[in-house]
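Okay, structure first, notes after.
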Amino acid sequence: MDAPVTPVAIDNDHQNPSKHLPSQKNTSKGGWNAAIFVIFVEMAERFAFYGLAGNLITYLTNNLGQPVAAAAKNVNTWVGVSAIFPILGAFVADSYLGRFKTILASSSIYFLGMVLLSLSVSVIPTHSRKPVFFTALYILAIGEGGHKPCVQTFAADQFDENNPEEKAAKSSFFNWWYLGIVTGASVAVVVVIYLQDNVSWAAGFGVLAGSLAVALALFLIGMKRYRKQRPTGSPFTRVAQVFVAAARKWRLTESHGSRGICCEDDRVPGQTMGPNLVRTNQFRFLDKAMMIDNDDAMRKSRNPWKLCSLNQVEEVKLVLRLIPIWVSCLMFCAVITQLHTFFTKQGSTMSRSLGPNFQVPPAALQSLVGLTILIAVPVYDCVFVPIARKLTKNPTGITMLQRIGIGLFVSILNMVVAGIVETARVNTARKHGLIDTPKAVIPMSIWWLLPQYVLTGIGDVFTIIGLQELFYDQMPEEMRSIGAAAYISIVGIGSFVNTGIISVVQMISSKHGKEWLRDNLNRSNLNYFYWVLAGLSAINLCVYMWISSAFEYKKVEEYNEISEGKELEMEGYSDVRV
């Protein structure tokens with residue numbers, strides 16, 4: 001005879017549904033009144049980052065006397081370290097410090113690093129400048145690691161998902177957030193680099209340090225307006241617990257041996273209680289982690305490594321669903337890396353005259369991407385979304401995955417157009433007998449490259465902003481900083497994917513005649529390379545559409561107030577509970 005069952009998984013959340021009703025929070029906290037302060041902080045940080053990174057190789061070669069190859073290696077290493085640290089910063093924020101304290105600490109570190117950088121190019125003795133300069137660079141990388149994954153997440157936290165008005169405003173927030181980033185970066189490219197080249201490096205870096213000081217002051221001014229969440233402990237522990245518990249119960253099924261499912265979810269005191277997640281049918285093998293067996297039923301307390309809650313299991317499923325999306329967007333980022341390499345190389349061979357005395361720097365065309373975004377974001381938010389909302393009845397116009405998919409299609413079109421323009425450029429060089437004169441200026445205006453720069457900006461508006469919103473909205477609340485770091489890593493890994501494609505293309509083309517990508521761009525087959533990227537992107541889009549068709553968005557149990565009686569109606573999954 002079976003032993004009597006001791007109730008260990010009391011569904012407290014369902015016994016008190018009012019915990020999940022829209023919260024009556026202090027209206028003086030959160031919303032745009034708080035988020036605007038954080039947006040200005042991010043604008044200043046992007047202003048500082050691009051003001052430094054955009055011209056760093058020039059300082060290393062011209063002032064520190066490094067060879068171009070060594071300088072390029074140092075720049076790439078610094079940028080790479082800056083991209084890795086956000087993963088560590090996100091872990092620290094979500095597990096220990098919380099986002100507010102992490103932003104405050106990292107912004108202070110970033111400011112101190114920029115001050116040291118300014119001193120290294122001015123008052124530090126010449127023989128000591130190099131070690132001090134590189135020390136300052138990596139202090140900045142540490143600050144970047146804590147700042148990057150937390151600021152966007154913290155700003156988005158200011159919008160209450162249980163408030164319909166604020167939930168609708170959050171989608172608009174991501175558009176304006178990216179607009180702020182682009183504004184900061186674009187101004188840095190124009191203003192700071194001019195100061196560095198025409199006034200002094202100390203003046204240029206001094207302006208960057210001053211902008212960070214102002215941003216830190218603004219962040220502190222808005223301190224009483226922010227909604228803050230406490231850290232919840234290591235999010236990776238909760239993920240590991242689900243896999244371990246599921247493995248330990250691999251023989252258990254709901255029809256044989258299970259006493260029900262666990263719905264009791266441990267929360268850190270002070271942590272915002274979100275609504276229960278609805279049980280889904282994907283990754284069913286993980287459901288074993290929440291099934292109660294005889295041993296669980298006899299325990300007075302739950303062993304988290306043997307029995308997990310429904311919410312905890314569904315949170316792990318959320319993370320697993322995002323991995324295929326992450327992988328399928330790497331190709332998009334491989335395409336946009338052309339912006340800093342071959343697009344600029346093409347422009348350097350073309351006619352760049354603007355008036356009788358001015359030559360457009362080929363790298364300056366990158367500002368067209370920022371200009372396109374500055375125009376496209378308001379158009380998207382104020383024109384496209386209202387029209388799409390009427391057609392789809394979706395509050396955001398289109399879904400996040402549809403938005404990302406449109407950007408992936410634009411990237412295909414971008415590479416097709418770039419290939420066509422490159423074909424025209426080579427034909428013009430051949431027509432004028434310049435095919436073997438790589439340093440000659442080809443009589444074809446650099447403005448023929450305008451379409452591919454504009455398409456890059458449009459693709460960013462759809463895919464990059466869509467990824468930001470997706471990795472915030474669909475991650476568990478305890479892992480949203482990790483989600484931001486994961487989104488950031490797509491861009492870095494995408495550049496490595498592009499490097500791999502180049503290596504493969506060079507290897508194959510060299511075996512069948514000549515390499516496609518050579519020092520003499522006129523003798524290269526850069527147009528073929530662009531079309532290879534277009535073909536790979538088309539295949540990638542098909543894979544993405546297949547993945548997204550099976551994607552399940554986060555589902556929560558909703559409670560609606562009905563008339564004056566305030567009758568509660570629960571929509572969602574309700575399974576056996578002990």
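Convention: chains lettered A, B, ... in structure tokens order; per-chain residue numbering from 1; ligands numbered from 1 as shown.
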**Message:** So that I can see what lies close to range 523-533 of chain A, please list as an MDAnalysis selection string the residues with an atom at most 8 Å from it, counting only C-alpha atoms and leaving out residues fewer than 6 positions away in the same chain.
**Reply:** chainID A and resid 335 412 415:416 418:420 422:423 435:436 505 515:517
**Message:** I'd like the neighbourhood of Val115 in chain A as number ranges by chain, where a residue qualifies if any of its atoms comes within 9 Å (using only C-alpha atoms), though same-chain residues fewer than 5 positions away should be ignored.
**Reply:** A: 110, 120, 136, 205-206, 208-210
File dump, residues just selected, C-alpha atoms, as a PDB file, in the first residue's frame:
ATOM      1  CA  TYR A 110      34.455  53.960 -17.570  1.00  0.00           C
ATOM      2  CA  SER A 120      48.212  59.483 -21.054  1.00  0.00           C
ATOM      3  CA  ALA A 136      43.457  52.925 -19.662  1.00  0.00           C
ATOM      4  CA  PHE A 205      39.681  62.507 -25.276  1.00  0.00           C
ATOM      5  CA  GLY A 206      38.889  65.352 -22.861  1.00  0.00           C
ATOM      6  CA  LEU A 208      34.792  62.186 -24.220  1.00  0.00           C
ATOM      7  CA  ALA A 209      35.636  62.256 -20.498  1.00  0.00           C
ATOM      8  CA  GLY A 210      33.453  65.334 -20.031  1.00  0.00           C
TER       9      GLY A 210
END
**Which of range 146-332 of chain A DSSP labels strand (DSSP E or B), written as a ChimeraX atom specification** = /A:253,257,261,277,291
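Summary of the local environment: counting only C-alpha atoms, residues at most 7 Å from Leu286 in chain A, other than itself and those fewer than 3 positions away along its chain, are Val242, Phe243, Ala246, Phe283, Ala289 and Val313 of chain A.
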Residues of the last selection are to be written out with all heavy atoms, as a CSV table (one decimal), in the first residue's frame.
chain,number,residue,atom,x,y,z
A,242,VAL,N,17.1,22.4,-13.5
A,242,VAL,CA,16.0,21.8,-14.4
A,242,VAL,C,16.6,20.6,-15.1
A,242,VAL,O,16.0,19.5,-15.2
A,242,VAL,CB,15.5,22.8,-15.4
A,242,VAL,CG1,14.5,22.1,-16.4
A,242,VAL,CG2,14.7,23.9,-14.6
A,243,PHE,N,17.8,20.7,-15.7
A,243,PHE,CA,18.4,19.6,-16.5
A,243,PHE,C,18.7,18.5,-15.5
A,243,PHE,O,18.5,17.3,-15.9
A,243,PHE,CB,19.6,20.1,-17.2
A,243,PHE,CG,19.3,20.8,-18.5
A,243,PHE,CD1,19.3,22.2,-18.5
A,243,PHE,CD2,19.0,20.2,-19.7
A,243,PHE,CE1,19.0,22.9,-19.7
A,243,PHE,CE2,18.7,20.9,-20.8
A,243,PHE,CZ,18.7,22.2,-20.8
A,246,ALA,N,15.4,16.8,-14.4
A,246,ALA,CA,14.8,16.0,-15.5
A,246,ALA,C,15.6,14.7,-15.7
A,246,ALA,O,15.0,13.7,-16.0
A,246,ALA,CB,14.8,16.9,-16.8
A,283,PHE,N,10.1,20.9,-25.9
A,283,PHE,CA,11.1,20.4,-25.0
A,283,PHE,C,10.4,19.6,-23.8
A,283,PHE,O,10.7,19.8,-22.7
A,283,PHE,CB,11.9,21.5,-24.4
A,283,PHE,CG,12.5,22.4,-25.5
A,283,PHE,CD1,12.1,23.7,-25.7
A,283,PHE,CD2,13.5,21.9,-26.3
A,283,PHE,CE1,12.6,24.5,-26.7
A,283,PHE,CE2,14.1,22.8,-27.3
A,283,PHE,CZ,13.6,24.0,-27.5
A,289,ALA,N,11.2,17.4,-14.8
A,289,ALA,CA,11.8,18.1,-13.7
A,289,ALA,C,10.7,18.6,-12.7
A,289,ALA,O,11.0,18.8,-11.5
A,289,ALA,CB,12.7,19.2,-14.2
A,313,VAL,N,10.8,25.5,-15.1
A,313,VAL,CA,11.0,24.7,-16.3
A,313,VAL,C,10.7,25.5,-17.6
A,313,VAL,O,11.4,25.5,-18.6
A,313,VAL,CB,10.1,23.4,-16.3
A,313,VAL,CG1,10.1,22.7,-17.6
A,313,VAL,CG2,10.6,22.5,-15.1
**Message:** Need to verify the contact set: Leu104 in chain A, 12 Å, only C-alpha atoms, exclusion of same-chain residues closer than 6 positions in sequence. Can you return it as JSON, numbers by chain?
**Reply:** {"A": [38, 41, 93, 97, 98, 110, 111, 143, 144, 146, 147, 150, 151, 154, 212, 213, 215, 216, 217, 218, 219, 220, 223]}
File dump, residues just selected, N, CA, C and O atoms, as a CSV table (one decimal), in the first residue's frame:
chain,number,residue,atom,x,y,z
A,38,VAL,N,18.2,57.2,-18.6
A,38,VAL,CA,19.1,56.1,-18.9
A,38,VAL,C,19.4,56.2,-20.4
A,38,VAL,O,20.6,55.8,-20.8
A,41,VAL,N,22.3,58.5,-20.7
A,41,VAL,CA,23.5,57.8,-20.3
A,41,VAL,C,24.1,56.9,-21.4
A,41,VAL,O,25.3,56.9,-21.7
A,93,ALA,N,25.5,41.3,-12.6
A,93,ALA,CA,24.3,42.2,-12.4
A,93,ALA,C,23.1,41.3,-12.0
A,93,ALA,O,22.4,41.6,-11.0
A,97,LEU,N,24.9,42.1,-7.9
A,97,LEU,CA,24.7,43.6,-7.6
A,97,LEU,C,23.4,44.2,-8.0
A,97,LEU,O,22.9,45.1,-7.4
A,98,GLY,N,22.7,43.6,-9.0
A,98,GLY,CA,21.6,44.2,-9.6
A,98,GLY,C,22.0,45.2,-10.7
A,98,GLY,O,23.1,45.6,-10.7
A,110,TYR,N,34.3,53.5,-16.2
A,110,TYR,CA,34.5,54.0,-17.6
A,110,TYR,C,35.0,55.4,-17.6
A,110,TYR,O,35.9,55.8,-18.3
A,111,PHE,N,34.4,56.2,-16.7
A,111,PHE,CA,34.8,57.6,-16.6
A,111,PHE,C,36.3,57.7,-16.1
A,111,PHE,O,37.1,58.5,-16.7
A,143,GLY,N,34.8,48.6,-17.8
A,143,GLY,CA,33.6,49.5,-17.7
A,143,GLY,C,32.5,49.1,-18.7
A,143,GLY,O,31.3,49.1,-18.5
A,144,GLU,N,33.0,48.9,-20.0
A,144,GLU,CA,32.1,48.5,-21.0
A,144,GLU,C,31.4,47.2,-20.7
A,144,GLU,O,30.2,47.0,-21.0
A,146,GLY,N,30.4,46.0,-17.8
A,146,GLY,CA,29.3,46.1,-16.9
A,146,GLY,C,28.2,47.0,-17.4
A,146,GLY,O,27.0,46.9,-17.1
A,147,HIS,N,28.6,48.0,-18.3
A,147,HIS,CA,27.6,49.0,-18.8
A,147,HIS,C,26.7,48.4,-19.9
A,147,HIS,O,25.5,48.5,-19.8
A,150,CYS,N,23.6,46.0,-19.2
A,150,CYS,CA,22.7,46.4,-18.2
A,150,CYS,C,21.8,47.6,-18.5
A,150,CYS,O,20.7,47.7,-18.0
A,151,VAL,N,22.4,48.6,-19.2
A,151,VAL,CA,21.8,49.9,-19.4
A,151,VAL,C,20.4,49.7,-20.2
A,151,VAL,O,19.4,50.2,-19.7
A,154,PHE,N,17.9,47.8,-18.0
A,154,PHE,CA,17.5,48.6,-16.9
A,154,PHE,C,16.5,49.7,-17.4
A,154,PHE,O,15.4,49.9,-16.7
A,212,LEU,N,31.1,61.7,-20.4
A,212,LEU,CA,30.8,60.7,-19.4
A,212,LEU,C,30.5,61.2,-18.0
A,212,LEU,O,29.7,60.7,-17.3
A,213,ALA,N,31.2,62.3,-17.6
A,213,ALA,CA,30.9,62.9,-16.4
A,213,ALA,C,29.5,63.5,-16.3
A,213,ALA,O,28.8,63.3,-15.3
A,215,ALA,N,27.0,62.4,-18.1
A,215,ALA,CA,26.1,61.3,-18.1
A,215,ALA,C,25.9,60.7,-16.8
A,215,ALA,O,24.8,60.3,-16.3
A,216,LEU,N,27.0,60.5,-16.0
A,216,LEU,CA,27.0,60.0,-14.7
A,216,LEU,C,26.2,60.9,-13.8
A,216,LEU,O,25.4,60.4,-12.9
A,217,ALA,N,26.3,62.2,-13.9
A,217,ALA,CA,25.5,63.1,-13.1
A,217,ALA,C,24.0,63.0,-13.4
A,217,ALA,O,23.2,63.0,-12.5
A,218,LEU,N,23.7,62.9,-14.7
A,218,LEU,CA,22.3,62.7,-15.1
A,218,LEU,C,21.7,61.4,-14.5
A,218,LEU,O,20.6,61.4,-14.0
A,219,PHE,N,22.5,60.4,-14.5
A,219,PHE,CA,22.0,59.1,-14.0
A,219,PHE,C,21.7,59.2,-12.5
A,219,PHE,O,20.7,58.6,-12.1
A,220,LEU,N,22.5,59.9,-11.8
A,220,LEU,CA,22.3,60.1,-10.4
A,220,LEU,C,21.1,61.0,-10.1
A,220,LEU,O,20.4,60.8,-9.1
A,223,MET,N,17.9,59.1,-10.0
A,223,MET,CA,17.9,58.0,-9.2
A,223,MET,C,16.6,57.7,-8.5
A,223,MET,O,16.2,56.5,-8.3
**Request:** Could you pull out the residues in range 138-234 of chain A that DSSP calls alpha helix (DSSP H) from the backbone, as a PyMOL selection string?
**Result:** chain A and resi 138-156+164-187+193-198+201-221
For Pro149 in chain A, list every protein, DNA or RNA residue within 10 Å, evaluated using only C-alpha atoms, and leave out those in the same chain fewer than 2 positions away; present the list as an mmCIF file with N, CA and C atoms, in the first residue's frame.
data_model
loop_
_atom_site.group_PDB
_atom_site.id
_atom_site.type_symbol
_atom_site.label_atom_id
_atom_site.label_comp_id
_atom_site.auth_asym_id
_atom_site.auth_seq_id
_atom_site.Cartn_x
_atom_site.Cartn_y
_atom_site.Cartn_z
ATOM 1 N N PHE A 85 33.526 40.887 -22.106
ATOM 2 C CA PHE A 85 33.235 41.304 -20.733
ATOM 3 C C PHE A 85 31.746 41.495 -20.434
ATOM 4 N N PRO A 86 30.908 41.919 -21.410
ATOM 5 C CA PRO A 86 29.473 42.036 -21.089
ATOM 6 C C PRO A 86 28.836 40.755 -20.575
ATOM 7 N N ILE A 87 29.339 39.602 -20.969
ATOM 8 C CA ILE A 87 28.784 38.345 -20.461
ATOM 9 C C ILE A 87 29.048 38.242 -18.960
ATOM 10 N N LEU A 88 30.276 38.590 -18.554
ATOM 11 C CA LEU A 88 30.615 38.576 -17.134
ATOM 12 C C LEU A 88 29.836 39.655 -16.387
ATOM 13 N N GLY A 89 29.744 40.832 -16.998
ATOM 14 C CA GLY A 89 28.999 41.923 -16.361
ATOM 15 C C GLY A 89 27.534 41.582 -16.171
ATOM 16 N N ALA A 90 26.940 40.923 -17.150
ATOM 17 C CA ALA A 90 25.533 40.530 -17.039
ATOM 18 C C ALA A 90 25.334 39.523 -15.920
ATOM 19 N N PHE A 91 26.288 38.594 -15.785
ATOM 20 C CA PHE A 91 26.203 37.587 -14.720
ATOM 21 C C PHE A 91 26.278 38.253 -13.341
ATOM 22 N N ALA A 93 25.524 41.347 -12.606
ATOM 23 C CA ALA A 93 24.328 42.159 -12.384
ATOM 24 C C ALA A 93 23.135 41.305 -11.972
ATOM 25 N N ARG A 99 21.050 45.558 -11.526
ATOM 26 C CA ARG A 99 21.411 46.368 -12.693
ATOM 27 C C ARG A 99 21.780 47.803 -12.326
ATOM 28 N N THR A 102 25.271 47.914 -10.831
ATOM 29 C CA THR A 102 26.261 47.555 -11.851
ATOM 30 C C THR A 102 26.491 48.709 -12.815
ATOM 31 N N ILE A 103 25.410 49.382 -13.223
ATOM 32 C CA ILE A 103 25.548 50.539 -14.114
ATOM 33 C C ILE A 103 26.331 51.655 -13.423
ATOM 34 N N GLU A 144 32.997 48.882 -19.958
ATOM 35 C CA GLU A 144 32.094 48.502 -21.047
ATOM 36 C C GLU A 144 31.372 47.200 -20.727
ATOM 37 N N GLY A 145 32.083 46.277 -20.078
ATOM 38 C CA GLY A 145 31.497 44.985 -19.757
ATOM 39 C C GLY A 145 30.335 45.077 -18.796
ATOM 40 N N GLY A 146 30.402 45.982 -17.836
ATOM 41 C CA GLY A 146 29.292 46.137 -16.905
ATOM 42 C C GLY A 146 28.193 47.025 -17.437
ATOM 43 N N HIS A 147 28.571 47.960 -18.301
ATOM 44 C CA HIS A 147 27.619 48.955 -18.796
ATOM 45 C C HIS A 147 26.721 48.405 -19.899
ATOM 46 N N VAL A 151 22.413 48.558 -19.220
ATOM 47 C CA VAL A 151 21.755 49.853 -19.389
ATOM 48 C C VAL A 151 20.440 49.704 -20.151
ATOM 49 N N GLN A 152 20.463 49.013 -21.271
ATOM 50 C CA GLN A 152 19.236 48.833 -22.051
ATOM 51 C C GLN A 152 18.189 48.063 -21.251
ATOM 52 N N THR A 153 18.622 47.011 -20.569
ATOM 53 C CA THR A 153 17.700 46.202 -19.779
ATOM 54 C C THR A 153 17.102 47.018 -18.639
ATOM 55 N N PHE A 154 17.946 47.806 -17.976
ATOM 56 C CA PHE A 154 17.467 48.631 -16.865
ATOM 57 C C PHE A 154 16.468 49.674 -17.355
ATOM 58 N N ARG A 480 17.603 38.793 -17.901
ATOM 59 C CA ARG A 480 17.498 39.766 -18.986
ATOM 60 C C ARG A 480 18.819 40.449 -19.297
ATOM 61 N N SER A 481 19.677 40.628 -18.328
ATOM 62 C CA SER A 481 21.008 41.178 -18.621
ATOM 63 C C SER A 481 21.825 40.177 -19.431
ATOM 64 N N ILE A 482 21.683 38.878 -19.109
ATOM 65 C CA ILE A 482 22.330 37.840 -19.900
ATOM 66 C C ILE A 482 21.798 37.873 -21.328
ATOM 67 N N GLY A 483 20.495 38.122 -21.473
ATOM 68 C CA GLY A 483 19.901 38.225 -22.809
ATOM 69 C C GLY A 483 20.491 39.367 -23.605
ATOM 70 N N ALA A 484 20.709 40.512 -22.942
ATOM 71 C CA ALA A 484 21.326 41.648 -23.631
ATOM 72 C C ALA A 484 22.748 41.311 -24.068
ATOM 73 N N ALA A 485 23.495 40.618 -23.202
ATOM 74 C CA ALA A 485 24.862 40.215 -23.552
ATOM 75 C C ALA A 485 24.844 39.233 -24.719
ATOM 76 N N ALA A 486 23.846 38.335 -24.742
ATOM 77 C CA ALA A 486 23.734 37.375 -25.849
ATOM 78 C C ALA A 486 23.466 38.096 -27.158
ATOM 79 N N TYR A 487 22.596 39.107 -27.099
ATOM 80 C CA TYR A 487 22.325 39.887 -28.315
ATOM 81 C C TYR A 487 23.592 40.596 -28.802
ATOM 82 N N ILE A 488 24.327 41.195 -27.872
ATOM 83 C CA ILE A 488 25.553 41.904 -28.237
ATOM 84 C C ILE A 488 26.554 40.954 -28.895
#
**Request:** Would you kindly return, as an MDAnalysis selection string, each protein, DNA or RNA residue with an atom no farther than 12 Å from any atom of Thr396 in chain A, considering only C-alpha atoms and excluding same-chain residues fewer than 3 positions away?
**Result:** chainID A and resid 167:175 380:393 399:403 466 469
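Taking CA of Leu365 in chain A and CA of Thr344 in chain A as endpoints, the distance between them is 8.0 Å.
Here CA of Val189 in chain A stands at a distance of 14.7 Å from CA of Ala203 in chain A.
The residue that comes closest to Val182 in chain A, out of A:Phe40, A:Phe342, A:Phe471, A:Tyr138 and on the basis of only C-alpha atoms, is A:Phe40.
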**Neighbour list for Lys439 in chain A as a VMD selection string, cut-off 10 Å, only C-alpha atoms, skip fewer than 2 positions in-chain** = chain A and resid 348 to 350 434 436 to 437 441 to 442 520 to 522
**Prompt:** Of the candidates A:Phe358, A:Trp201, A:Tyr178, A:Tyr472, which shows the shortest atom-to-atom distance to Ser118 in chain A, using only C-alpha atoms?
**Reply:** A:Trp201
